Amino acid sequence: MEDPDHAFPMVPLDDDPALLYEQAPCGYLSTTDDGSIVKVNATLCTWLGREPSGLLGRRFAELLTPGSRIYHETHYGPMLRMQGFVREIAADMVRADGSRLSVLLNASTAPSADHSTHLVRMAIFDATERRSYERELVRARDAAREAELRAEALTHTLQQSFIPPTAPEIPGLAIATAYRPAGDGTEVGGDFYDIFPTGPQDWVVALGDVSGKGVEAAVVTSIVRHTVRALTVLGQGLPEVLDGVDRVVAQHETDKFCTLVVLRLRRDGDGWMSTVAVGGHPPPMLLRPGCEPRMVDARGPVLGLLPDVAFSEWPVDLRPGDTLLLYTDGVTEARLDGEYFGEEQFLAWAAARESDDPSVLVESLLEEVLRFQSGEPRDDIAVVAVRHT
């Protein structure tokens, strides 16, 4: 076993206690009950740039900045009197040149030699580096919050670009839309809809869902939306439109895929001819007064995922009073505790509807799906209702 007398040969075993007090690596001072300084070490005098004679007899609070003085009177003093000690109280002291010294205070009370009063013994630690680090943390937190707010604003802007603010007014048609993002809406999703003309009497309604969320999903959503517009404006048929979107998504550098339903409406005398094409998307629901709601018999493969796929279009007999309801899977796949809203409940809601007004329909459906999920949607929900008036 090592000889304890030789374990630390460089440590002076007869170090002067007075020297230890004066040149300690922290400041020491003692005050009376009223805060008057009666003893101070050389370390603190050096930090403050003051002579001991300039400190003895002064009240300790006079050495503090105004803010720290208020805290001293309202918190430090009462806690010390109640507990007999305080630990790690942050304060700012004023140096002789007017600059600030950030410190941490530890203090305790002890009776004076004659027990006539109490002394307050205080250890003062230079916290300049610590406070600088804390300020850096605060700045970093504030910068992160600002970046978060900018990201939220960007998310909102991106999402709004996928969702037209108002449905167009088309003679002979009544159109209403609804959209509800998942969660708190701070992350951009892939649901979108678009309603636009391709001719004087020719309109297209597109509604789709790109897989995933975030920036990559937003990029693909924008590409899909603009591809649909470009191909339909060029006169492509709906199967060719879906085929074009399928190739664009498949060639994109991400691994995203997309589901899409496209409805074309052409004026035919006083009525409308309508066709629909589906790419992996839930088919529209047809609501006809006096009849049971039913899903349109239209189907097709997911876009951007499978090789060598083919697409078709289906005519839809849209009579006056009929409504086509387009929706994303945030409706049918809404779930709570493992139970899905599903097509059966969707049809039951439609059969019990109280109005065929498109605005009432989309809001009622949105409310029903949100109610099923206790007000917290797990997925984005987009709905478009088109009624032949």
# chains A, B, ... in the order shown; residues from 1 in each chain; ligands from 1

call {"tool": "residues_around", "arguments": {"residues": "Gly57 (chain A)", "least_positions_apart": "5", "cutoff": "12 Å", "atoms": "only C-alpha atoms", "output": "list in words"}}
result
Leu29, Ser30, Thr31, Thr32, Asp34, Gly35, Ser36, Ile37, Val38, Lys39, Val40, Pro52, Glu62 and Leu63 of chain A

call {"tool": "residues_around", "arguments": {"residues": "region 312-326 of chain A", "least_positions_apart": "6", "cutoff": "8 Å", "atoms": "only C-alpha atoms", "output": "ChimeraX atom specification"}}
result
/A:207,238-239,261,271-278,283-289,296-298,300,356,358,383-389

call {"tool": "select_by_dssp", "arguments": {"residues": "region 271-383 of chain A", "states": "alpha helix (DSSP H)", "output": "PDB file with C-alpha atoms, in the first residue's frame"}}
result
ATOM      1  CA  ASP A 329     -58.360   8.091 -47.781  1.00  0.00           C
ATOM      2  CA  GLY A 330     -58.266  10.312 -44.701  1.00  0.00           C
ATOM      3  CA  VAL A 331     -62.030   9.689 -44.735  1.00  0.00           C
ATOM      4  CA  THR A 332     -62.357   5.919 -45.126  1.00  0.00           C
ATOM      5  CA  GLY A 342     -64.495   2.522 -43.429  1.00  0.00           C
ATOM      6  CA  GLU A 343     -66.709   2.482 -46.483  1.00  0.00           C
ATOM      7  CA  GLU A 344     -69.684   1.028 -44.616  1.00  0.00           C
ATOM      8  CA  GLN A 345     -69.926   3.922 -42.135  1.00  0.00           C
ATOM      9  CA  PHE A 346     -69.234   6.346 -44.975  1.00  0.00           C
ATOM     10  CA  LEU A 347     -72.228   5.014 -46.937  1.00  0.00           C
ATOM     11  CA  ALA A 348     -74.360   5.037 -43.795  1.00  0.00           C
ATOM     12  CA  TRP A 349     -73.506   8.697 -43.212  1.00  0.00           C
ATOM     13  CA  ALA A 350     -74.380   9.500 -46.832  1.00  0.00           C
ATOM     14  CA  ALA A 351     -77.714   7.660 -46.607  1.00  0.00           C
ATOM     15  CA  PRO A 358     -72.404  20.669 -51.517  1.00  0.00           C
ATOM     16  CA  SER A 359     -71.225  23.095 -48.817  1.00  0.00           C
ATOM     17  CA  VAL A 360     -73.326  21.341 -46.192  1.00  0.00           C
ATOM     18  CA  LEU A 361     -72.174  17.926 -47.408  1.00  0.00           C
ATOM     19  CA  VAL A 362     -68.430  18.571 -47.216  1.00  0.00           C
ATOM     20  CA  GLU A 363     -68.649  20.241 -43.801  1.00  0.00           C
ATOM     21  CA  SER A 364     -70.921  17.509 -42.463  1.00  0.00           C
ATOM     22  CA  LEU A 365     -68.573  14.781 -43.697  1.00  0.00           C
ATOM     23  CA  LEU A 366     -65.547  16.525 -42.225  1.00  0.00           C
ATOM     24  CA  GLU A 367     -67.312  16.880 -38.876  1.00  0.00           C
ATOM     25  CA  GLU A 368     -68.377  13.218 -38.922  1.00  0.00           C
ATOM     26  CA  VAL A 369     -64.853  11.949 -39.594  1.00  0.00           C
ATOM     27  CA  LEU A 370     -63.351  14.266 -36.973  1.00  0.00           C
ATOM     28  CA  ARG A 371     -65.975  13.186 -34.441  1.00  0.00           C
ATOM     29  CA  PHE A 372     -65.097   9.543 -35.125  1.00  0.00           C
TER      30      PHE A 372
END

call {"tool": "select_by_dssp", "arguments": {"residues": "region 146-387 of chain A", "states": "strand (DSSP E)", "output": "ChimeraX atom specification"}}
result
/A:173-180,191-199,202-210,258-268,271-279,285-287,294-295,314-316,323-327,335-336,339-340,381-387

call {"tool": "atom_distance", "arguments": {"atom1": "CA of Tyr327 (chain A)", "atom2": "CA of Glu253 (chain A)"}}
result
27.5 Å

call {"tool": "residues_around", "arguments": {"residues": "Thr46 (chain A)", "least_positions_apart": "6", "cutoff": "12 Å", "atoms": "only C-alpha atoms", "output": "JSON list (two decimals) with N, CA and C atoms, in the first residue's frame"}}
result
[["chain", "number", "residue", "atom", "x", "y", "z"],
["A", 22, "GLU", "N", -7.60, 34.73, 1.93],
["A", 22, "GLU", "CA", -7.42, 35.92, 1.10],
["A", 22, "GLU", "C", -7.30, 35.58, -0.39],
["A", 23, "GLN", "N", -6.60, 34.49, -0.70],
["A", 23, "GLN", "CA", -6.32, 34.17, -2.10],
["A", 23, "GLN", "C", -7.11, 32.94, -2.58],
["A", 24, "ALA", "N", -8.24, 32.68, -1.97],
["A", 24, "ALA", "CA", -9.09, 31.56, -2.38],
["A", 24, "ALA", "C", -9.55, 31.76, -3.83],
["A", 25, "PRO", "N", -9.88, 30.67, -4.53],
["A", 25, "PRO", "CA", -10.36, 30.79, -5.91],
["A", 25, "PRO", "C", -11.80, 31.30, -6.01],
["A", 26, "CYS", "N", -12.34, 31.79, -4.92],
["A", 26, "CYS", "CA", -13.67, 32.40, -4.93],
["A", 26, "CYS", "C", -13.66, 33.58, -3.98],
["A", 27, "GLY", "N", -14.64, 34.45, -4.12],
["A", 27, "GLY", "CA", -14.73, 35.59, -3.22],
["A", 27, "GLY", "C", -15.40, 35.21, -1.93],
["A", 28, "TYR", "N", -14.91, 35.79, -0.83],
["A", 28, "TYR", "CA", -15.52, 35.60, 0.48],
["A", 28, "TYR", "C", -15.86, 36.96, 1.06],
["A", 40, "VAL", "N", -13.95, 40.95, 3.96],
["A", 40, "VAL", "CA", -13.92, 40.62, 2.55],
["A", 40, "VAL", "C", -12.53, 40.14, 2.18],
["A", 52, "PRO", "N", -10.14, 46.95, 0.01],
["A", 52, "PRO", "CA", -10.98, 46.52, 1.13],
["A", 52, "PRO", "C", -11.61, 47.69, 1.87],
["A", 55, "LEU", "N", -14.92, 48.79, 0.66],
["A", 55, "LEU", "CA", -16.04, 47.86, 0.77],
["A", 55, "LEU", "C", -16.52, 47.69, 2.20],
["A", 95, "ARG", "N", -18.51, 46.41, -10.82],
["A", 95, "ARG", "CA", -17.09, 46.69, -10.58],
["A", 95, "ARG", "C", -16.87, 48.20, -10.41],
["A", 96, "ALA", "N", -15.67, 48.54, -10.00],
["A", 96, "ALA", "CA", -15.33, 49.94, -9.79],
["A", 96, "ALA", "C", -15.43, 50.74, -11.09],
["A", 101, "LEU", "N", -20.09, 42.10, -13.17],
["A", 101, "LEU", "CA", -19.49, 40.81, -12.89],
["A", 101, "LEU", "C", -20.62, 39.84, -12.56],
["A", 126, "ASP", "N", -17.22, 33.44, -9.57],
["A", 126, "ASP", "CA", -17.25, 34.14, -10.87],
["A", 126, "ASP", "C", -18.01, 33.25, -11.87]]

call {"tool": "closest_residue", "arguments": {"among": "A:Leu119, A:Val94, A:Leu303, A:Ala174", "to": "Arg81 (chain A)", "atoms": "only C-alpha atoms"}}
result
A:Leu119

call {"tool": "closest_atom_pairs", "arguments": {"of": "region 248-362 of chain A", "to": "region 218-222 of chain A", "cutoff": "9 Å", "atoms": "only C-alpha atoms", "output": "tab-separated table"}}
result
residue	atom	partner	partner_atom	distance
A:Val249	CA	A:Val220	CA	7.2
A:His252	CA	A:Val220	CA	8.0
A:Thr254	CA	A:Val220	CA	8.4
A:Lys256	CA	A:Val220	CA	7.4
A:Phe257	CA	A:Val220	CA	8.5
A:Cys258	CA	A:Thr221	CA	8.4

call {"tool": "write_last_selection", "arguments": {"atoms": "C-alpha atoms", "output": "short mmCIF file (atom, residue, chain, number, x, y, z; two decimals), in the first residue's frame"}}
result
data_model
loop_
_atom_site.label_atom_id
_atom_site.label_comp_id
_atom_site.auth_asym_id
_atom_site.auth_seq_id
_atom_site.Cartn_x
_atom_site.Cartn_y
_atom_site.Cartn_z
CA VAL A 249 -43.68 10.14 -60.36
CA HIS A 252 -38.65 11.23 -59.70
CA THR A 254 -37.66 10.11 -54.35
CA LYS A 256 -42.86 8.61 -53.33
CA PHE A 257 -46.00 7.31 -55.00
CA CYS A 258 -49.39 8.85 -55.54
#

call {"tool": "closest_residue", "arguments": {"among": "A:Asp308, A:Ala123, A:Leu64, A:Glu129", "to": "Gly98 (chain A)", "atoms": "only C-alpha atoms"}}
result
A:Leu64

call {"tool": "decode", "arguments": {"residues": "region 223-260 of chain A", "atoms": "N, CA and C atoms", "output": "PDB file, in the first residue's frame"}}
result
ATOM      1  N   ILE A 223     -45.452  18.640 -58.392  1.00  0.00           N
ATOM      2  CA  ILE A 223     -45.205  18.084 -59.724  1.00  0.00           C
ATOM      3  C   ILE A 223     -46.466  17.405 -60.261  1.00  0.00           C
ATOM      4  N   VAL A 224     -47.127  16.612 -59.418  1.00  0.00           N
ATOM      5  CA  VAL A 224     -48.337  15.899 -59.851  1.00  0.00           C
ATOM      6  C   VAL A 224     -49.415  16.900 -60.261  1.00  0.00           C
ATOM      7  N   ARG A 225     -49.635  17.888 -59.434  1.00  0.00           N
ATOM      8  CA  ARG A 225     -50.682  18.878 -59.697  1.00  0.00           C
ATOM      9  C   ARG A 225     -50.452  19.594 -61.029  1.00  0.00           C
ATOM     10  N   HIS A 226     -49.215  20.008 -61.268  1.00  0.00           N
ATOM     11  CA  HIS A 226     -48.928  20.748 -62.499  1.00  0.00           C
ATOM     12  C   HIS A 226     -48.913  19.828 -63.721  1.00  0.00           C
ATOM     13  N   THR A 227     -48.534  18.563 -63.522  1.00  0.00           N
ATOM     14  CA  THR A 227     -48.567  17.612 -64.630  1.00  0.00           C
ATOM     15  C   THR A 227     -50.009  17.357 -65.074  1.00  0.00           C
ATOM     16  N   VAL A 228     -50.912  17.210 -64.116  1.00  0.00           N
ATOM     17  CA  VAL A 228     -52.322  17.014 -64.454  1.00  0.00           C
ATOM     18  C   VAL A 228     -52.827  18.204 -65.261  1.00  0.00           C
ATOM     19  N   ARG A 229     -52.516  19.389 -64.808  1.00  0.00           N
ATOM     20  CA  ARG A 229     -52.967  20.589 -65.523  1.00  0.00           C
ATOM     21  C   ARG A 229     -52.390  20.632 -66.946  1.00  0.00           C
ATOM     22  N   ALA A 230     -51.101  20.404 -67.042  1.00  0.00           N
ATOM     23  CA  ALA A 230     -50.448  20.517 -68.347  1.00  0.00           C
ATOM     24  C   ALA A 230     -51.022  19.517 -69.348  1.00  0.00           C
ATOM     25  N   LEU A 231     -51.188  18.260 -68.935  1.00  0.00           N
ATOM     26  CA  LEU A 231     -51.643  17.228 -69.863  1.00  0.00           C
ATOM     27  C   LEU A 231     -53.103  17.420 -70.251  1.00  0.00           C
ATOM     28  N   THR A 232     -53.935  17.839 -69.301  1.00  0.00           N
ATOM     29  CA  THR A 232     -55.343  18.036 -69.651  1.00  0.00           C
ATOM     30  C   THR A 232     -55.524  19.256 -70.541  1.00  0.00           C
ATOM     31  N   VAL A 233     -54.776  20.309 -70.294  1.00  0.00           N
ATOM     32  CA  VAL A 233     -54.859  21.497 -71.137  1.00  0.00           C
ATOM     33  C   VAL A 233     -54.404  21.184 -72.557  1.00  0.00           C
ATOM     34  N   LEU A 234     -53.456  20.258 -72.704  1.00  0.00           N
ATOM     35  CA  LEU A 234     -52.985  19.851 -74.033  1.00  0.00           C
ATOM     36  C   LEU A 234     -53.971  18.925 -74.734  1.00  0.00           C
ATOM     37  N   GLY A 235     -55.076  18.590 -74.083  1.00  0.00           N
ATOM     38  CA  GLY A 235     -56.111  17.789 -74.726  1.00  0.00           C
ATOM     39  C   GLY A 235     -55.969  16.303 -74.518  1.00  0.00           C
ATOM     40  N   GLN A 236     -55.098  15.872 -73.611  1.00  0.00           N
ATOM     41  CA  GLN A 236     -54.937  14.441 -73.361  1.00  0.00           C
ATOM     42  C   GLN A 236     -56.190  13.881 -72.686  1.00  0.00           C
ATOM     43  N   GLY A 237     -56.512  12.627 -73.014  1.00  0.00           N
ATOM     44  CA  GLY A 237     -57.614  11.948 -72.344  1.00  0.00           C
ATOM     45  C   GLY A 237     -57.221  11.585 -70.922  1.00  0.00           C
ATOM     46  N   LEU A 238     -58.199  11.256 -70.106  1.00  0.00           N
ATOM     47  CA  LEU A 238     -57.905  10.967 -68.701  1.00  0.00           C
ATOM     48  C   LEU A 238     -56.951   9.778 -68.520  1.00  0.00           C
ATOM     49  N   PRO A 239     -57.093   8.666 -69.283  1.00  0.00           N
ATOM     50  CA  PRO A 239     -56.113   7.586 -69.132  1.00  0.00           C
ATOM     51  C   PRO A 239     -54.693   8.049 -69.453  1.00  0.00           C
ATOM     52  N   GLU A 240     -54.560   8.917 -70.479  1.00  0.00           N
ATOM     53  CA  GLU A 240     -53.232   9.422 -70.849  1.00  0.00           C
ATOM     54  C   GLU A 240     -52.685  10.364 -69.771  1.00  0.00           C
ATOM     55  N   VAL A 241     -53.591  11.098 -69.139  1.00  0.00           N
ATOM     56  CA  VAL A 241     -53.162  11.973 -68.040  1.00  0.00           C
ATOM     57  C   VAL A 241     -52.594  11.141 -66.894  1.00  0.00           C
ATOM     58  N   LEU A 242     -53.314  10.082 -66.511  1.00  0.00           N
ATOM     59  CA  LEU A 242     -52.818   9.236 -65.420  1.00  0.00           C
ATOM     60  C   LEU A 242     -51.520   8.537 -65.807  1.00  0.00           C
ATOM     61  N   ASP A 243     -51.437   8.128 -67.066  1.00  0.00           N
ATOM     62  CA  ASP A 243     -50.208   7.481 -67.526  1.00  0.00           C
ATOM     63  C   ASP A 243     -49.033   8.455 -67.452  1.00  0.00           C
ATOM     64  N   GLY A 244     -49.261   9.708 -67.843  1.00  0.00           N
ATOM     65  CA  GLY A 244     -48.200  10.704 -67.769  1.00  0.00           C
ATOM     66  C   GLY A 244     -47.766  10.984 -66.345  1.00  0.00           C
ATOM     67  N   VAL A 245     -48.734  11.089 -65.425  1.00  0.00           N
ATOM     68  CA  VAL A 245     -48.400  11.311 -64.019  1.00  0.00           C
ATOM     69  C   VAL A 245     -47.645  10.112 -63.461  1.00  0.00           C
ATOM     70  N   ASP A 246     -48.071   8.908 -63.842  1.00  0.00           N
ATOM     71  CA  ASP A 246     -47.399   7.687 -63.383  1.00  0.00           C
ATOM     72  C   ASP A 246     -45.930   7.703 -63.777  1.00  0.00           C
ATOM     73  N   ARG A 247     -45.637   8.065 -65.022  1.00  0.00           N
ATOM     74  CA  ARG A 247     -44.239   8.086 -65.481  1.00  0.00           C
ATOM     75  C   ARG A 247     -43.433   9.179 -64.782  1.00  0.00           C
ATOM     76  N   VAL A 248     -44.041  10.334 -64.583  1.00  0.00           N
ATOM     77  CA  VAL A 248     -43.325  11.436 -63.920  1.00  0.00           C
ATOM     78  C   VAL A 248     -42.973  11.068 -62.478  1.00  0.00           C
ATOM     79  N   VAL A 249     -43.931  10.506 -61.747  1.00  0.00           N
ATOM     80  CA  VAL A 249     -43.679  10.136 -60.356  1.00  0.00           C
ATOM     81  C   VAL A 249     -42.657   9.009 -60.277  1.00  0.00           C
ATOM     82  N   ALA A 250     -42.767   8.024 -61.175  1.00  0.00           N
ATOM     83  CA  ALA A 250     -41.833   6.897 -61.161  1.00  0.00           C
ATOM     84  C   ALA A 250     -40.403   7.335 -61.437  1.00  0.00           C
ATOM     85  N   GLN A 251     -40.239   8.375 -62.263  1.00  0.00           N
ATOM     86  CA  GLN A 251     -38.895   8.845 -62.624  1.00  0.00           C
ATOM     87  C   GLN A 251     -38.323   9.835 -61.626  1.00  0.00           C
ATOM     88  N   HIS A 252     -39.143  10.267 -60.686  1.00  0.00           N
ATOM     89  CA  HIS A 252     -38.648  11.229 -59.704  1.00  0.00           C
ATOM     90  C   HIS A 252     -37.646  10.546 -58.775  1.00  0.00           C
ATOM     91  N   GLU A 253     -36.692  11.332 -58.263  1.00  0.00           N
ATOM     92  CA  GLU A 253     -35.588  10.764 -57.482  1.00  0.00           C
ATOM     93  C   GLU A 253     -36.026  10.233 -56.123  1.00  0.00           C
ATOM     94  N   THR A 254     -37.189  10.633 -55.637  1.00  0.00           N
ATOM     95  CA  THR A 254     -37.660  10.113 -54.355  1.00  0.00           C
ATOM     96  C   THR A 254     -38.371   8.790 -54.567  1.00  0.00           C
ATOM     97  N   ASP A 255     -38.748   8.135 -53.455  1.00  0.00           N
ATOM     98  CA  ASP A 255     -39.488   6.871 -53.539  1.00  0.00           C
ATOM     99  C   ASP A 255     -40.978   7.087 -53.296  1.00  0.00           C
ATOM    100  N   LYS A 256     -41.455   8.298 -53.551  1.00  0.00           N
ATOM    101  CA  LYS A 256     -42.862   8.607 -53.326  1.00  0.00           C
ATOM    102  C   LYS A 256     -43.739   7.968 -54.403  1.00  0.00           C
ATOM    103  N   PHE A 257     -44.989   7.734 -54.024  1.00  0.00           N
ATOM    104  CA  PHE A 257     -45.999   7.311 -54.998  1.00  0.00           C
ATOM    105  C   PHE A 257     -47.250   8.144 -54.757  1.00  0.00           C
ATOM    106  N   CYS A 258     -48.242   7.957 -55.591  1.00  0.00           N
ATOM    107  CA  CYS A 258     -49.391   8.849 -55.542  1.00  0.00           C
ATOM    108  C   CYS A 258     -50.663   8.101 -55.911  1.00  0.00           C
ATOM    109  N   THR A 259     -51.771   8.487 -55.276  1.00  0.00           N
ATOM    110  CA  THR A 259     -53.089   8.054 -55.732  1.00  0.00           C
ATOM    111  C   THR A 259     -53.807   9.292 -56.263  1.00  0.00           C
ATOM    112  N   LEU A 260     -54.681   9.086 -57.253  1.00  0.00           N
ATOM    113  CA  LEU A 260     -55.279  10.236 -57.921  1.00  0.00           C
ATOM    114  C   LEU A 260     -56.619   9.848 -58.539  1.00  0.00           C
TER     115      LEU A 260
END
